[in-house]
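Q: Contents of my_file11.pdb (PDB, C-alpha atoms):
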ATOM      1  CA  MET A   1    -145.674 -40.561-119.496  1.00  0.00           C
ATOM      2  CA  GLN A   2    -145.619 -43.952-117.755  1.00  0.00           C
ATOM      3  CA  SER A   3    -148.528 -45.583-116.019  1.00  0.00           C
ATOM      4  CA  LYS A   4    -147.823 -46.865-112.505  1.00  0.00           C
ATOM      5  CA  PHE A   5    -150.262 -49.737-113.091  1.00  0.00           C
ATOM      6  CA  LEU A   6    -148.568 -50.910-116.291  1.00  0.00           C
ATOM      7  CA  LEU A   7    -145.092 -50.789-114.805  1.00  0.00           C
ATOM      8  CA  ASN A   8    -146.072 -52.623-111.620  1.00  0.00           C
ATOM      9  CA  PHE A   9    -148.304 -55.280-113.198  1.00  0.00           C
ATOM     10  CA  PRO A  10    -145.690 -58.050-113.724  1.00  0.00           C
ATOM     11  CA  LYS A  11    -144.196 -57.477-110.275  1.00  0.00           C
ATOM     12  CA  LYS A  12    -147.663 -57.793-108.720  1.00  0.00           C
ATOM     13  CA  ILE A  13    -148.291 -61.079-110.525  1.00  0.00           C
ATOM     14  CA  PHE A  14    -144.839 -62.372-109.642  1.00  0.00           C
ATOM     15  CA  GLU A  15    -145.261 -61.577-105.937  1.00  0.00           C
ATOM     16  CA  TYR A  16    -148.426 -63.565-105.365  1.00  0.00           C
ATOM     17  CA  LEU A  17    -148.592 -66.120-108.131  1.00  0.00           C
ATOM     18  CA  THR A  18    -145.049 -67.455-108.370  1.00  0.00           C
ATOM     19  CA  MET A  19    -144.755 -70.931-106.946  1.00  0.00           C
ATOM     20  CA  SER A  20    -141.138 -72.042-106.829  1.00  0.00           C
ATOM     21  CA  ALA A  21    -141.726 -74.904-104.419  1.00  0.00           C
ATOM     22  CA  ALA A  22    -143.901 -77.879-105.316  1.00  0.00           C
ATOM     23  CA  MET A  23    -147.550 -77.385-104.421  1.00  0.00           C
ATOM     24  CA  ASP A  24    -148.681 -80.307-102.320  1.00  0.00           C
ATOM     25  CA  VAL A  25    -152.471 -80.257-102.116  1.00  0.00           C
ATOM     26  CA  ASP A  26    -152.357 -82.283 -98.887  1.00  0.00           C
ATOM     27  CA  ALA A  27    -149.817 -80.005 -97.206  1.00  0.00           C
ATOM     28  CA  PRO A  28    -150.963 -77.621 -94.487  1.00  0.00           C
ATOM     29  CA  ALA A  29    -151.333 -73.989 -95.537  1.00  0.00           C
ATOM     30  CA  THR A  30    -148.095 -73.092 -93.768  1.00  0.00           C
ATOM     31  CA  ALA A  31    -146.145 -75.361 -96.155  1.00  0.00           C
ATOM     32  CA  LEU A  32    -147.074 -73.280 -99.204  1.00  0.00           C
ATOM     33  CA  PRO A  33    -144.811 -70.429-100.343  1.00  0.00           C
ATOM     34  CA  ALA A  34    -145.337 -67.094 -98.578  1.00  0.00           C
ATOM     35  CA  GLY A  35    -148.383 -65.214 -99.815  1.00  0.00           C
ATOM     36  CA  ILE A  36    -149.849 -68.198-101.661  1.00  0.00           C
ATOM     37  CA  ALA A  37    -151.529 -69.766 -98.632  1.00  0.00           C
ATOM     38  CA  GLN A  38    -153.784 -66.723 -98.318  1.00  0.00           C
ATOM     39  CA  ARG A  39    -154.698 -66.673-102.037  1.00  0.00           C
ATOM     40  CA  ILE A  40    -155.193 -70.272-103.181  1.00  0.00           C
ATOM     41  CA  SER A  41    -157.160 -72.918-101.328  1.00  0.00           C
ATOM     42  CA  LEU A  42    -159.052 -76.094-102.161  1.00  0.00           C
ATOM     43  CA  VAL A  43    -162.825 -76.181-102.422  1.00  0.00           C
ATOM     44  CA  ALA A  44    -164.180 -79.204-100.580  1.00  0.00           C
ATOM     45  CA  ILE A  45    -166.482 -81.272-102.767  1.00  0.00           C
ATOM     46  CA  GLU A  46    -168.311 -84.239-101.293  1.00  0.00           C
ATOM     47  CA  GLY A  47    -166.793 -87.533-102.401  1.00  0.00           C
ATOM     48  CA  GLU A  48    -163.625 -85.979-103.800  1.00  0.00           C
ATOM     49  CA  ASP A  49    -160.286 -87.218-102.446  1.00  0.00           C
ATOM     50  CA  VAL A  50    -157.626 -84.640-103.398  1.00  0.00           C
ATOM     51  CA  SER A  51    -154.791 -86.984-102.442  1.00  0.00           C
ATOM     52  CA  THR A  52    -155.662 -89.471-105.205  1.00  0.00           C
ATOM     53  CA  ASP A  53    -158.048 -87.715-107.570  1.00  0.00           C
ATOM     54  CA  ASN A  54    -156.926 -86.077-110.759  1.00  0.00           C
ATOM     55  CA  CYS A  55    -159.752 -83.564-110.506  1.00  0.00           C
ATOM     56  CA  VAL A  56    -159.522 -80.652-108.058  1.00  0.00           C
ATOM     57  CA  THR A  57    -161.313 -77.339-107.548  1.00  0.00           C
ATOM     58  CA  PHE A  58    -159.132 -74.466-106.365  1.00  0.00           C
ATOM     59  CA  CYS A  59    -160.442 -71.237-104.884  1.00  0.00           C
ATOM     60  CA  ILE A  60    -158.325 -68.247-105.897  1.00  0.00           C
ATOM     61  CA  ALA A  61    -159.051 -65.174-103.796  1.00  0.00           C
ATOM     62  CA  ARG A  62    -158.967 -61.579-105.040  1.00  0.00           C
ATOM     63  CA  GLU A  63    -159.266 -62.554-108.708  1.00  0.00           C
ATOM     64  CA  ASP A  64    -161.996 -62.230-111.317  1.00  0.00           C
ATOM     65  CA  HIS A  65    -162.688 -62.975-114.991  1.00  0.00           C
ATOM     66  CA  THR A  66    -159.499 -61.196-116.082  1.00  0.00           C
ATOM     67  CA  MET A  67    -157.178 -63.716-114.473  1.00  0.00           C
ATOM     68  CA  GLY A  68    -159.678 -66.566-114.801  1.00  0.00           C
ATOM     69  CA  GLY A  69    -159.929 -66.281-118.570  1.00  0.00           C
ATOM     70  CA  ILE A  70    -156.187 -66.036-119.148  1.00  0.00           C
ATOM     71  CA  LEU A  71    -155.415 -68.890-116.774  1.00  0.00           C
ATOM     72  CA  ARG A  72    -158.155 -71.129-118.194  1.00  0.00           C
ATOM     73  CA  TYR A  73    -156.838 -70.605-121.725  1.00  0.00           C
ATOM     74  CA  LEU A  74    -153.246 -71.426-120.779  1.00  0.00           C
ATOM     75  CA  ILE A  75    -154.113 -74.487-118.693  1.00  0.00           C
ATOM     76  CA  ALA A  76    -156.541 -75.866-121.288  1.00  0.00           C
ATOM     77  CA  ARG A  77    -153.722 -75.858-123.872  1.00  0.00           C
ATOM     78  CA  ASN A  78    -151.862 -78.472-121.786  1.00  0.00           C
ATOM     79  CA  PRO A  79    -152.370 -81.861-123.519  1.00  0.00           C
ATOM     80  CA  ASN A  80    -152.501 -83.624-120.129  1.00  0.00           C
ATOM     81  CA  VAL A  81    -155.504 -81.537-118.992  1.00  0.00           C
ATOM     82  CA  THR A  82    -158.865 -83.058-119.901  1.00  0.00           C
ATOM     83  CA  PHE A  83    -161.029 -80.288-118.404  1.00  0.00           C
ATOM     84  CA  CYS A  84    -160.365 -76.792-117.183  1.00  0.00           C
ATOM     85  CA  GLY A  85    -162.958 -74.205-116.239  1.00  0.00           C
ATOM     86  CA  TYR A  86    -163.672 -71.491-113.743  1.00  0.00           C
ATOM     87  CA  SER A  87    -166.619 -69.678-112.272  1.00  0.00           C
ATOM     88  CA  VAL A  88    -167.245 -66.658-110.119  1.00  0.00           C
ATOM     89  CA  PRO A  89    -169.457 -67.988-107.297  1.00  0.00           C
ATOM     90  CA  HIS A  90    -171.262 -64.659-106.853  1.00  0.00           C
ATOM     91  CA  PRO A  91    -170.647 -61.190-108.318  1.00  0.00           C
ATOM     92  CA  SER A  92    -170.146 -59.716-104.854  1.00  0.00           C
ATOM     93  CA  GLU A  93    -167.492 -62.312-103.935  1.00  0.00           C
ATOM     94  CA  ASP A  94    -163.927 -61.439-104.870  1.00  0.00           C
ATOM     95  CA  MET A  95    -162.813 -64.946-105.883  1.00  0.00           C
ATOM     96  CA  ILE A  96    -162.937 -67.539-108.608  1.00  0.00           C
ATOM     97  CA  HIS A  97    -163.433 -71.294-108.366  1.00  0.00           C
ATOM     98  CA  PHE A  98    -161.045 -73.003-110.739  1.00  0.00           C
ATOM     99  CA  ARG A  99    -161.656 -76.658-111.688  1.00  0.00           C
ATOM    100  CA  ILE A 100    -158.860 -78.709-113.260  1.00  0.00           C
ATOM    101  CA  GLU A 101    -159.110 -82.348-114.362  1.00  0.00           C
ATOM    102  CA  THR A 102    -156.066 -84.162-115.737  1.00  0.00           C
ATOM    103  CA  ASP A 103    -155.460 -87.515-117.410  1.00  0.00           C
ATOM    104  CA  GLY A 104    -153.450 -88.647-114.365  1.00  0.00           C
ATOM    105  CA  SER A 105    -149.991 -88.098-115.847  1.00  0.00           C
ATOM    106  CA  ILE A 106    -149.720 -84.784-113.971  1.00  0.00           C
ATOM    107  CA  SER A 107    -151.509 -83.463-110.919  1.00  0.00           C
ATOM    108  CA  PRO A 108    -154.013 -80.617-111.099  1.00  0.00           C
ATOM    109  CA  ALA A 109    -151.634 -78.608-108.876  1.00  0.00           C
ATOM    110  CA  ASP A 110    -148.843 -79.036-111.433  1.00  0.00           C
ATOM    111  CA  ALA A 111    -151.205 -77.951-114.218  1.00  0.00           C
ATOM    112  CA  LEU A 112    -152.160 -74.858-112.190  1.00  0.00           C
ATOM    113  CA  ARG A 113    -148.512 -74.028-111.541  1.00  0.00           C
ATOM    114  CA  ALA A 114    -147.687 -74.374-115.267  1.00  0.00           C
ATOM    115  CA  GLY A 115    -150.563 -72.025-116.089  1.00  0.00           C
ATOM    116  CA  LEU A 116    -149.386 -69.472-113.540  1.00  0.00           C
ATOM    117  CA  ASP A 117    -145.852 -69.702-114.945  1.00  0.00           C
ATOM    118  CA  GLY A 118    -147.343 -68.996-118.376  1.00  0.00           C
ATOM    119  CA  VAL A 119    -149.099 -65.882-117.068  1.00  0.00           C
ATOM    120  CA  ILE A 120    -145.804 -64.637-115.646  1.00  0.00           C
ATOM    121  CA  ASP A 121    -143.972 -65.351-118.918  1.00  0.00           C
ATOM    122  CA  ILE A 122    -146.595 -63.437-120.915  1.00  0.00           C
ATOM    123  CA  SER A 123    -146.559 -60.463-118.543  1.00  0.00           C
ATOM    124  CA  ASP A 124    -142.735 -60.375-118.605  1.00  0.00           C
ATOM    125  CA  HIS A 125    -142.784 -60.353-122.418  1.00  0.00           C
ATOM    126  CA  MET A 126    -145.376 -57.574-122.456  1.00  0.00           C
ATOM    127  CA  MET A 127    -143.333 -55.528-119.979  1.00  0.00           C
ATOM    128  CA  ASP A 128    -140.127 -55.985-122.003  1.00  0.00           C
ATOM    129  CA  ALA A 129    -141.916 -54.889-125.186  1.00  0.00           C
ATOM    130  CA  LEU A 130    -143.446 -51.871-123.446  1.00  0.00           C
ATOM    131  CA  GLN A 131    -140.122 -50.791-121.941  1.00  0.00           C
ATOM    132  CA  ALA A 132    -138.379 -51.171-125.316  1.00  0.00           C
ATOM    133  CA  GLU A 133    -140.993 -48.953-126.971  1.00  0.00           C
ATOM    134  CA  LEU A 134    -140.715 -46.358-124.198  1.00  0.00           C
ATOM    135  CA  LYS A 135    -136.913 -46.405-124.434  1.00  0.00           C
ATOM    136  CA  ASP A 136    -137.031 -45.937-128.217  1.00  0.00           C
ATOM    137  CA  GLY A 137    -139.502 -43.073-127.829  1.00  0.00           C
ATOM    138  CA  HIS A 138    -142.255 -44.777-129.841  1.00  0.00           C
ATOM    139  CA  PHE A 139    -145.105 -43.106-128.008  1.00  0.00           C
ATOM    140  CA  GLU A 140    -147.023 -39.851-127.914  1.00  0.00           C
ATOM    141  CA  VAL A 141    -147.933 -37.920-124.811  1.00  0.00           C
ATOM    142  CA  ASP A 142    -151.384 -36.361-124.898  1.00  0.00           C
ATOM    143  CA  ASP A 143    -151.603 -33.767-122.158  1.00  0.00           C
ATOM    144  CA  GLU A 144    -155.285 -33.098-122.675  1.00  0.00           C
ATOM    145  CA  PRO A 145    -157.326 -36.195-123.495  1.00  0.00           C
ATOM    146  CA  GLU A 146    -160.365 -35.707-125.713  1.00  0.00           C
ATOM    147  CA  LEU A 147    -163.667 -36.336-123.963  1.00  0.00           C
TER
END
Starting from the coordinates I provided, produce the structure as structure tokens.
A:
Amino acid sequence: MQSKFLLNFPKKIFEYLTMSAAMDVDAPATALPAGIAQRISLVAIEGEDVSTDNCVTFCIAREDHTMGGILRYLIARNPNVTFCGYSVPHPSEDMIHFRIETDGSISPADALRAGLDGVIDISDHMMDALQAELKDGHFEVDDEPEL
């Protein structure tokens, strides 16, 4: 018995988080890859110049602590990232604010892209492992779950 959610999870991530083109934080929203412009935006902070600063806050719509925690962990492992954190502005808002500060050798947008690529790599590995186990028959089907 296969779960629709499990089998569609990597495809869902791939569709709206893959960034094949370079993310230019100064570019208009129409210059971002399809689907990304509606999901990731910059949070304006007084005194912050995103064209020169190595510290940027992104707003990622329709995400919560699940994606925030995974992404924060992966981005923080980058040796060129000096700070990485996220917050949920309000429990009723369906978004996270994601702050990335780098040492200047890479841009915060590049650090975000590398983190998103890591999420895709992990989900692809998990999907491959799940499909291999299903193919080999290493699972049990419980028709009547115990309550």
Q: Just give me the gap between atom CA of A:Ala76 and atom CA of A:Glu93 in Å, one decimal is fine.
A: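 Computed distance, atom CA of A:Ala76 to atom CA of A:Glu93, equals 24.6 Å.
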Q: Which residue is closest to A:Glu63? Choose from A:Ile40, A:Phe139, A:Ile96, A:Pro89 and count only C-alpha atoms.
A: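 Looking at the shortest contact to A:Glu63, the residue is A:Ile96.
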Q: What lies within 7 Å of A:Ser107 using all atoms listed in the file, ignoring chain neighbours under 4 positions off, as a count of residues only?
A: 3
Q: Could you tell me how far atom CA of A:Leu116 sits from atom CA of A:Ala129, in Å to one decimal place?
A: 20.1 Å
Q: Mind giving me the straight-line distance from atom CA of A:Ile75 to atom CA of A:Pro108 in Å, one decimal?
A: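 Separation of atom CA of A:Ile75 and atom CA of A:Pro108: 9.8 Å.
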Q: Evaluating the PyMOL selection byres ((chain A and resi 87) around 9) on the displayed file yields which residues, as a PDB file with C-alpha atoms, in the coordinates of the input?
A:
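selection_13.pdb, freshly written:
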ATOM      1  CA  ASP A  64    -161.996 -62.230-111.317  1.00  0.00           C
ATOM      2  CA  HIS A  65    -162.688 -62.975-114.991  1.00  0.00           C
ATOM      3  CA  GLY A  68    -159.678 -66.566-114.801  1.00  0.00           C
ATOM      4  CA  GLY A  85    -162.958 -74.205-116.239  1.00  0.00           C
ATOM      5  CA  TYR A  86    -163.672 -71.491-113.743  1.00  0.00           C
ATOM      6  CA  VAL A  88    -167.245 -66.658-110.119  1.00  0.00           C
ATOM      7  CA  PRO A  89    -169.457 -67.988-107.297  1.00  0.00           C
ATOM      8  CA  HIS A  90    -171.262 -64.659-106.853  1.00  0.00           C
ATOM      9  CA  MET A  95    -162.813 -64.946-105.883  1.00  0.00           C
ATOM     10  CA  ILE A  96    -162.937 -67.539-108.608  1.00  0.00           C
ATOM     11  CA  HIS A  97    -163.433 -71.294-108.366  1.00  0.00           C
ATOM     12  CA  PHE A  98    -161.045 -73.003-110.739  1.00  0.00           C
ATOM     13  CA  ARG A  99    -161.656 -76.658-111.688  1.00  0.00           C
TER      14      ARG A  99
END
Q: So which one's closest to A:Asp117, A:Val141, A:Ala132, A:Ile100, A:Leu71? Using all atoms listed in the file, please.
A: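 Among the listed residues, the smallest separation from A:Asp117 belongs to A:Leu71.
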Q: When distances are computed from only C-alpha atoms, which of A:Asp103, A:Glu133, A:Glu146, A:Asp94 shows the smallest separation from A:Thr82?
A: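 Closest residue, counting only C-alpha atoms: A:Asp103.
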Q: Put the listed atoms of stretch 57-63 of chain A in a box along x, y and z with 6 Å added on every side and give me the centre and edge lengths in Å to one decimal, as AutoDock Vina command-line options.
A:
--center_x -159.8 --center_y -69.5 --center_z -106.3 --size_x 15.0 --size_y 27.8 --size_z 16.9
Q: From the set A:Gly118, A:Phe58, A:Met127, A:Asp143, which residue has the shortest atom-to-atom contact distance to A:Ile70, counting all atoms listed in the file?
A: A:Gly118
